[in-house]
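> Here's a structure for you.
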Amino acid sequence: MKALIAEFLNYLSVERGLAKNTLMAYGRDLKVYCGYLEKTAGITTPDAIRHQDISAYMMARKKAGIEAVSISRGLAAVRMFHRFLVRESFAKEDPTGLVDTPKLWQRIPDVLTQAEVEAMINAASGNDAQSVRDRAMLELFYASGLRVSELVALRLEDVNLEGGTVICMGKGSKERIIPVGGKARETLEKYLAKARLKILNGRREPAIFISRLGKSLSRQSAWKIIKFYARKAGVKKNIMPHTLRHTFATHLLEHGADLRSVQEMLGHSDISTTQIYTHVDKGRLRAIHQKFHPRG
């Protein structure tokens, strides 16, 4: 099955042009799927798989505490995989036809208050080159709503400080232009003018955010930086890679932005993905009502 997964991922890369991160996610999902089938049912060939086996796999994932949205994404990978196998004559039948998609429940993402965001940004208060870099990164992250992968992929030519915009290549190689505010522009300008050159120390690197070794900052490193300043600022909430992105969208909607504009800035192809942030706002209003209404 490993060889078939490799064939499938190669097809997605060459024929469909899917992004590297998407390919990695599909690869992980299919590895877990095939591993489950082999361990629980001794299944090692695609024609031995029945729809009951796939349903049992999904139930096992649910019992393991995996969220419905992740199970659904995994099922999408499994469906595409089996369709590919039939089309390329690696299998005779597609067992996913009778498998129901799990009903998704939308988990309201954790978001930070404005005070918590400001505390995180202010925690990067040093004048050394790395602190200046970190503050610029946090400011831009909150100002733009970029994904972590998009943030670290930014290159010098992607930023227009004078116009106050960044050009981002998002999922599916879709380009979008995002406006950024004065605070982010100010800190980014300070970082690019001196701190970045100091970190580079004569080396060349097109990426905006660079490590102390002068190379493009990795997603993992950016994530560690965010976690570090959240702890330093005393933020007790569960900080995830997309927390600042969720916060960006929620704060825009709370201050009157329309959903279509937020959708465009986030790079969502479907507005239903953006609508979760309206639930966040409703959840906040509900909490306020319960706290302050005399019969709440």
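Just so we're on the same page: first chain in the structure tokens is A, next is B, and so on; residues restart at 1 for each chain, and ligands are numbered from 1 in the order they show up.
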Under the rule of at most 12 Å, produce a per-residue listing of stretch 51-159 of chain A near stretch 224-245 of chain A: chain, number, name, the closest pair of atoms, and the distance in Å, as JSON lines, using only C-alpha atoms.


{"residue": "A:Ile108", "atom": "CA", "partner": "A:Thr243", "partner_atom": "CA", "distance": 11.3}
{"residue": "A:Pro109", "atom": "CA", "partner": "A:Thr243", "partner_atom": "CA", "distance": 7.6}
{"residue": "A:Asp110", "atom": "CA", "partner": "A:Thr243", "partner_atom": "CA", "distance": 6.5}
{"residue": "A:Val111", "atom": "CA", "partner": "A:Thr243", "partner_atom": "CA", "distance": 5.9}
{"residue": "A:Leu112", "atom": "CA", "partner": "A:Leu244", "partner_atom": "CA", "distance": 7.5}
{"residue": "A:Thr113", "atom": "CA", "partner": "A:Val235", "partner_atom": "CA", "distance": 10.0}
{"residue": "A:Gln114", "atom": "CA", "partner": "A:Leu244", "partner_atom": "CA", "distance": 10.8}
{"residue": "A:Ala115", "atom": "CA", "partner": "A:Val235", "partner_atom": "CA", "distance": 10.0}
{"residue": "A:Glu116", "atom": "CA", "partner": "A:Val235", "partner_atom": "CA", "distance": 6.5}
{"residue": "A:Val117", "atom": "CA", "partner": "A:Leu244", "partner_atom": "CA", "distance": 8.2}
{"residue": "A:Glu118", "atom": "CA", "partner": "A:Ala233", "partner_atom": "CA", "distance": 9.0}
{"residue": "A:Ala119", "atom": "CA", "partner": "A:Ala233", "partner_atom": "CA", "distance": 5.4}
{"residue": "A:Met120", "atom": "CA", "partner": "A:Ala233", "partner_atom": "CA", "distance": 5.1}
{"residue": "A:Ile121", "atom": "CA", "partner": "A:Tyr229", "partner_atom": "CA", "distance": 7.6}
{"residue": "A:Asn122", "atom": "CA", "partner": "A:Ala233", "partner_atom": "CA", "distance": 8.1}
{"residue": "A:Ala123", "atom": "CA", "partner": "A:Ala233", "partner_atom": "CA", "distance": 5.9}
{"residue": "A:Ala124", "atom": "CA", "partner": "A:Tyr229", "partner_atom": "CA", "distance": 7.0}
{"residue": "A:Ser125", "atom": "CA", "partner": "A:Tyr229", "partner_atom": "CA", "distance": 10.4}
{"residue": "A:Gln130", "atom": "CA", "partner": "A:Ile225", "partner_atom": "CA", "distance": 10.4}
{"residue": "A:Ser131", "atom": "CA", "partner": "A:Ile225", "partner_atom": "CA", "distance": 10.1}
{"residue": "A:Arg133", "atom": "CA", "partner": "A:Ile225", "partner_atom": "CA", "distance": 10.4}
{"residue": "A:Asp134", "atom": "CA", "partner": "A:Ile225", "partner_atom": "CA", "distance": 7.2}
{"residue": "A:Arg135", "atom": "CA", "partner": "A:Tyr229", "partner_atom": "CA", "distance": 9.6}
{"residue": "A:Ala136", "atom": "CA", "partner": "A:Ile225", "partner_atom": "CA", "distance": 11.8}
{"residue": "A:Met137", "atom": "CA", "partner": "A:Ile226", "partner_atom": "CA", "distance": 9.1}
{"residue": "A:Leu138", "atom": "CA", "partner": "A:Ile226", "partner_atom": "CA", "distance": 7.5}
{"residue": "A:Glu139", "atom": "CA", "partner": "A:Leu244", "partner_atom": "CA", "distance": 10.0}
{"residue": "A:Leu140", "atom": "CA", "partner": "A:Leu244", "partner_atom": "CA", "distance": 10.2}
{"residue": "A:Phe141", "atom": "CA", "partner": "A:Leu244", "partner_atom": "CA", "distance": 6.7}
{"residue": "A:Tyr142", "atom": "CA", "partner": "A:Leu244", "partner_atom": "CA", "distance": 5.6}
{"residue": "A:Ala143", "atom": "CA", "partner": "A:Arg245", "partner_atom": "CA", "distance": 9.0}
{"residue": "A:Ser144", "atom": "CA", "partner": "A:Arg245", "partner_atom": "CA", "distance": 7.9}
{"residue": "A:Gly145", "atom": "CA", "partner": "A:Arg245", "partner_atom": "CA", "distance": 4.3}
{"residue": "A:Leu146", "atom": "CA", "partner": "A:Arg245", "partner_atom": "CA", "distance": 6.2}
{"residue": "A:Arg147", "atom": "CA", "partner": "A:His242", "partner_atom": "CA", "distance": 6.7}
{"residue": "A:Val148", "atom": "CA", "partner": "A:Pro241", "partner_atom": "CA", "distance": 6.7}
{"residue": "A:Ser149", "atom": "CA", "partner": "A:Pro241", "partner_atom": "CA", "distance": 9.6}
{"residue": "A:Glu150", "atom": "CA", "partner": "A:Arg245", "partner_atom": "CA", "distance": 11.3}
{"residue": "A:Leu151", "atom": "CA", "partner": "A:Arg245", "partner_atom": "CA", "distance": 10.9}

> Generate the output file for the selected residues, N, CA and C atoms, as a JSON list (two decimals), in the first residue's frame.


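Contents of the output file part_38.json:
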[["chain", "number", "residue", "atom", "x", "y", "z"],
["A", 108, "ILE", "N", -15.72, 26.43, 17.79],
["A", 108, "ILE", "CA", -15.35, 27.84, 17.76],
["A", 108, "ILE", "C", -13.88, 27.97, 18.14],
["A", 109, "PRO", "N", -13.06, 28.53, 17.27],
["A", 109, "PRO", "CA", -11.63, 28.62, 17.56],
["A", 109, "PRO", "C", -11.34, 29.60, 18.69],
["A", 110, "ASP", "N", -10.29, 29.31, 19.43],
["A", 110, "ASP", "CA", -9.85, 30.25, 20.46],
["A", 110, "ASP", "C", -9.34, 31.52, 19.81],
["A", 111, "VAL", "N", -9.75, 32.66, 20.34],
["A", 111, "VAL", "CA", -9.24, 33.93, 19.85],
["A", 111, "VAL", "C", -8.75, 34.75, 21.04],
["A", 112, "LEU", "N", -7.86, 35.67, 20.76],
["A", 112, "LEU", "CA", -7.31, 36.52, 21.79],
["A", 112, "LEU", "C", -8.06, 37.84, 21.85],
["A", 113, "THR", "N", -8.06, 38.46, 23.01],
["A", 113, "THR", "CA", -8.60, 39.80, 23.14],
["A", 113, "THR", "C", -7.57, 40.78, 22.59],
["A", 114, "GLN", "N", -8.00, 42.01, 22.37],
["A", 114, "GLN", "CA", -7.06, 43.02, 21.91],
["A", 114, "GLN", "C", -5.95, 43.24, 22.94],
["A", 115, "ALA", "N", -6.31, 43.19, 24.21],
["A", 115, "ALA", "CA", -5.31, 43.37, 25.27],
["A", 115, "ALA", "C", -4.28, 42.25, 25.25],
["A", 116, "GLU", "N", -4.73, 41.02, 24.98],
["A", 116, "GLU", "CA", -3.81, 39.88, 24.94],
["A", 116, "GLU", "C", -2.87, 39.98, 23.74],
["A", 117, "VAL", "N", -3.40, 40.42, 22.60],
["A", 117, "VAL", "CA", -2.55, 40.61, 21.41],
["A", 117, "VAL", "C", -1.49, 41.68, 21.68],
["A", 118, "GLU", "N", -1.92, 42.79, 22.24],
["A", 118, "GLU", "CA", -0.98, 43.88, 22.54],
["A", 118, "GLU", "C", 0.08, 43.44, 23.55],
["A", 119, "ALA", "N", -0.33, 42.62, 24.53],
["A", 119, "ALA", "CA", 0.63, 42.12, 25.51],
["A", 119, "ALA", "C", 1.67, 41.23, 24.84],
["A", 120, "MET", "N", 1.24, 40.39, 23.90],
["A", 120, "MET", "CA", 2.17, 39.53, 23.18],
["A", 120, "MET", "C", 3.17, 40.35, 22.37],
["A", 121, "ILE", "N", 2.65, 41.34, 21.64],
["A", 121, "ILE", "CA", 3.51, 42.17, 20.81],
["A", 121, "ILE", "C", 4.48, 42.97, 21.67],
["A", 122, "ASN", "N", 3.97, 43.53, 22.76],
["A", 122, "ASN", "CA", 4.82, 44.33, 23.65],
["A", 122, "ASN", "C", 5.87, 43.48, 24.38],
["A", 123, "ALA", "N", 5.61, 42.17, 24.47],
["A", 123, "ALA", "CA", 6.58, 41.28, 25.12],
["A", 123, "ALA", "C", 7.87, 41.19, 24.30],
["A", 124, "ALA", "N", 7.76, 41.45, 23.00],
["A", 124, "ALA", "CA", 8.95, 41.50, 22.14],
["A", 124, "ALA", "C", 9.48, 42.93, 22.14],
["A", 125, "SER", "N", 10.02, 43.35, 23.26],
["A", 125, "SER", "CA", 10.37, 44.76, 23.45],
["A", 125, "SER", "C", 11.87, 45.05, 23.37],
["A", 130, "GLN", "N", 17.01, 39.99, 16.95],
["A", 130, "GLN", "CA", 15.99, 38.95, 16.95],
["A", 130, "GLN", "C", 14.69, 39.44, 17.58],
["A", 131, "SER", "N", 14.77, 40.27, 18.61],
["A", 131, "SER", "CA", 13.56, 40.82, 19.22],
["A", 131, "SER", "C", 12.83, 41.75, 18.25],
["A", 133, "ARG", "N", 12.99, 41.52, 15.01],
["A", 133, "ARG", "CA", 12.39, 40.61, 14.02],
["A", 133, "ARG", "C", 11.09, 40.02, 14.56],
["A", 134, "ASP", "N", 11.11, 39.55, 15.80],
["A", 134, "ASP", "CA", 9.94, 38.90, 16.38],
["A", 134, "ASP", "C", 8.76, 39.86, 16.50],
["A", 135, "ARG", "N", 9.04, 41.10, 16.90],
["A", 135, "ARG", "CA", 7.96, 42.09, 17.02],
["A", 135, "ARG", "C", 7.35, 42.39, 15.64],
["A", 136, "ALA", "N", 8.20, 42.53, 14.63],
["A", 136, "ALA", "CA", 7.71, 42.78, 13.27],
["A", 136, "ALA", "C", 6.87, 41.61, 12.79],
["A", 137, "MET", "N", 7.30, 40.40, 13.12],
["A", 137, "MET", "CA", 6.58, 39.21, 12.70],
["A", 137, "MET", "C", 5.20, 39.14, 13.36],
["A", 138, "LEU", "N", 5.15, 39.40, 14.66],
["A", 138, "LEU", "CA", 3.88, 39.38, 15.39],
["A", 138, "LEU", "C", 2.93, 40.47, 14.89],
["A", 139, "GLU", "N", 3.47, 41.66, 14.67],
["A", 139, "GLU", "CA", 2.64, 42.76, 14.17],
["A", 139, "GLU", "C", 2.06, 42.42, 12.80],
["A", 140, "LEU", "N", 2.91, 41.91, 11.91],
["A", 140, "LEU", "CA", 2.44, 41.59, 10.56],
["A", 140, "LEU", "C", 1.46, 40.43, 10.58],
["A", 141, "PHE", "N", 1.72, 39.45, 11.41],
["A", 141, "PHE", "CA", 0.84, 38.30, 11.54],
["A", 141, "PHE", "C", -0.57, 38.73, 11.93],
["A", 142, "TYR", "N", -0.66, 39.56, 12.94],
["A", 142, "TYR", "CA", -1.96, 40.04, 13.43],
["A", 142, "TYR", "C", -2.60, 41.01, 12.44],
["A", 143, "ALA", "N", -1.78, 41.79, 11.75],
["A", 143, "ALA", "CA", -2.31, 42.80, 10.83],
["A", 143, "ALA", "C", -2.82, 42.21, 9.52],
["A", 144, "SER", "N", -2.35, 41.02, 9.17],
["A", 144, "SER", "CA", -2.65, 40.47, 7.84],
["A", 144, "SER", "C", -3.52, 39.21, 7.86],
["A", 145, "GLY", "N", -3.51, 38.47, 8.97],
["A", 145, "GLY", "CA", -4.26, 37.21, 9.02],
["A", 145, "GLY", "C", -3.65, 36.12, 8.16],
["A", 146, "LEU", "N", -2.37, 36.22, 7.87],
["A", 146, "LEU", "CA", -1.71, 35.21, 7.07],
["A", 146, "LEU", "C", -1.65, 33.87, 7.80],
["A", 147, "ARG", "N", -1.58, 32.79, 7.03],
["A", 147, "ARG", "CA", -1.26, 31.50, 7.60],
["A", 147, "ARG", "C", 0.22, 31.50, 7.97],
["A", 148, "VAL", "N", 0.62, 30.64, 8.91],
["A", 148, "VAL", "CA", 2.03, 30.59, 9.31],
["A", 148, "VAL", "C", 2.91, 30.28, 8.10],
["A", 149, "SER", "N", 2.46, 29.33, 7.27],
["A", 149, "SER", "CA", 3.25, 28.95, 6.09],
["A", 149, "SER", "C", 3.39, 30.12, 5.12],
["A", 150, "GLU", "N", 2.34, 30.95, 5.02],
["A", 150, "GLU", "CA", 2.38, 32.11, 4.13],
["A", 150, "GLU", "C", 3.29, 33.19, 4.69],
["A", 151, "LEU", "N", 3.29, 33.34, 6.00],
["A", 151, "LEU", "CA", 4.12, 34.35, 6.65],
["A", 151, "LEU", "C", 5.60, 34.08, 6.40]]

> Find the residues around stretch 263-271 of chain A up to 12 Å (only C-alpha atoms counted), leave out those fewer than 5 positions away in its own chain, and share them as number ranges by chain.

A: 141-147, 150, 165-180, 242, 244-250, 252-253, 257-258, 276-278

> Residues of stretch 91-258 of chain A in helix (DSSP H, G or I) according to DSSP, as a VMD selection string?

chain A and resid 95 to 98 114 to 123 129 to 144 148 to 153 156 to 158 171 to 173 182 to 200 219 to 232 243 to 254

> Any idea what the distance is between atom CA of A:Val78 and atom CA of A:Arg219?

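Straight-line distance from atom CA of A:Val78 to atom CA of A:Arg219 works out to 26.6 Å.
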
> Skipping near chain neighbours, those fewer than 4 positions away, what residues fall within 9 Å of A:Gly74 using only C-alpha atoms, listed as a list in words?

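Counting only the stated atoms, we get Ala25, Tyr26, Arg28, Asp29, Leu30, Tyr33, Met58, Val69, Ser70, Val78 and Arg79 of chain A.
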
> Quick one: residues within 8 Å of A:Ala153, only C-alpha atoms counted, chain neighbours fewer than 4 positions away excluded, as a list in words?

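Here the qualifying residues turn out to be Ser149, Ala207, Ile208 and Ser216 of chain A.
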
> Please run DSSP on the backbone and report, as a list in words, all residues within stretch 164-257 of chain A that come out as strand (DSSP E).

Thr165, Val166, Ile167, Cys168, Met169, Glu175, Arg176, Ile177, Ile178 and Pro179 of chain A

> With distances taken over only C-alpha atoms, which of A:Ile71, A:Val132, A:Ile43, A:Ile49 is nearest to A:Thr96?

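Result for the nearest residue to A:Thr96: A:Ile49.
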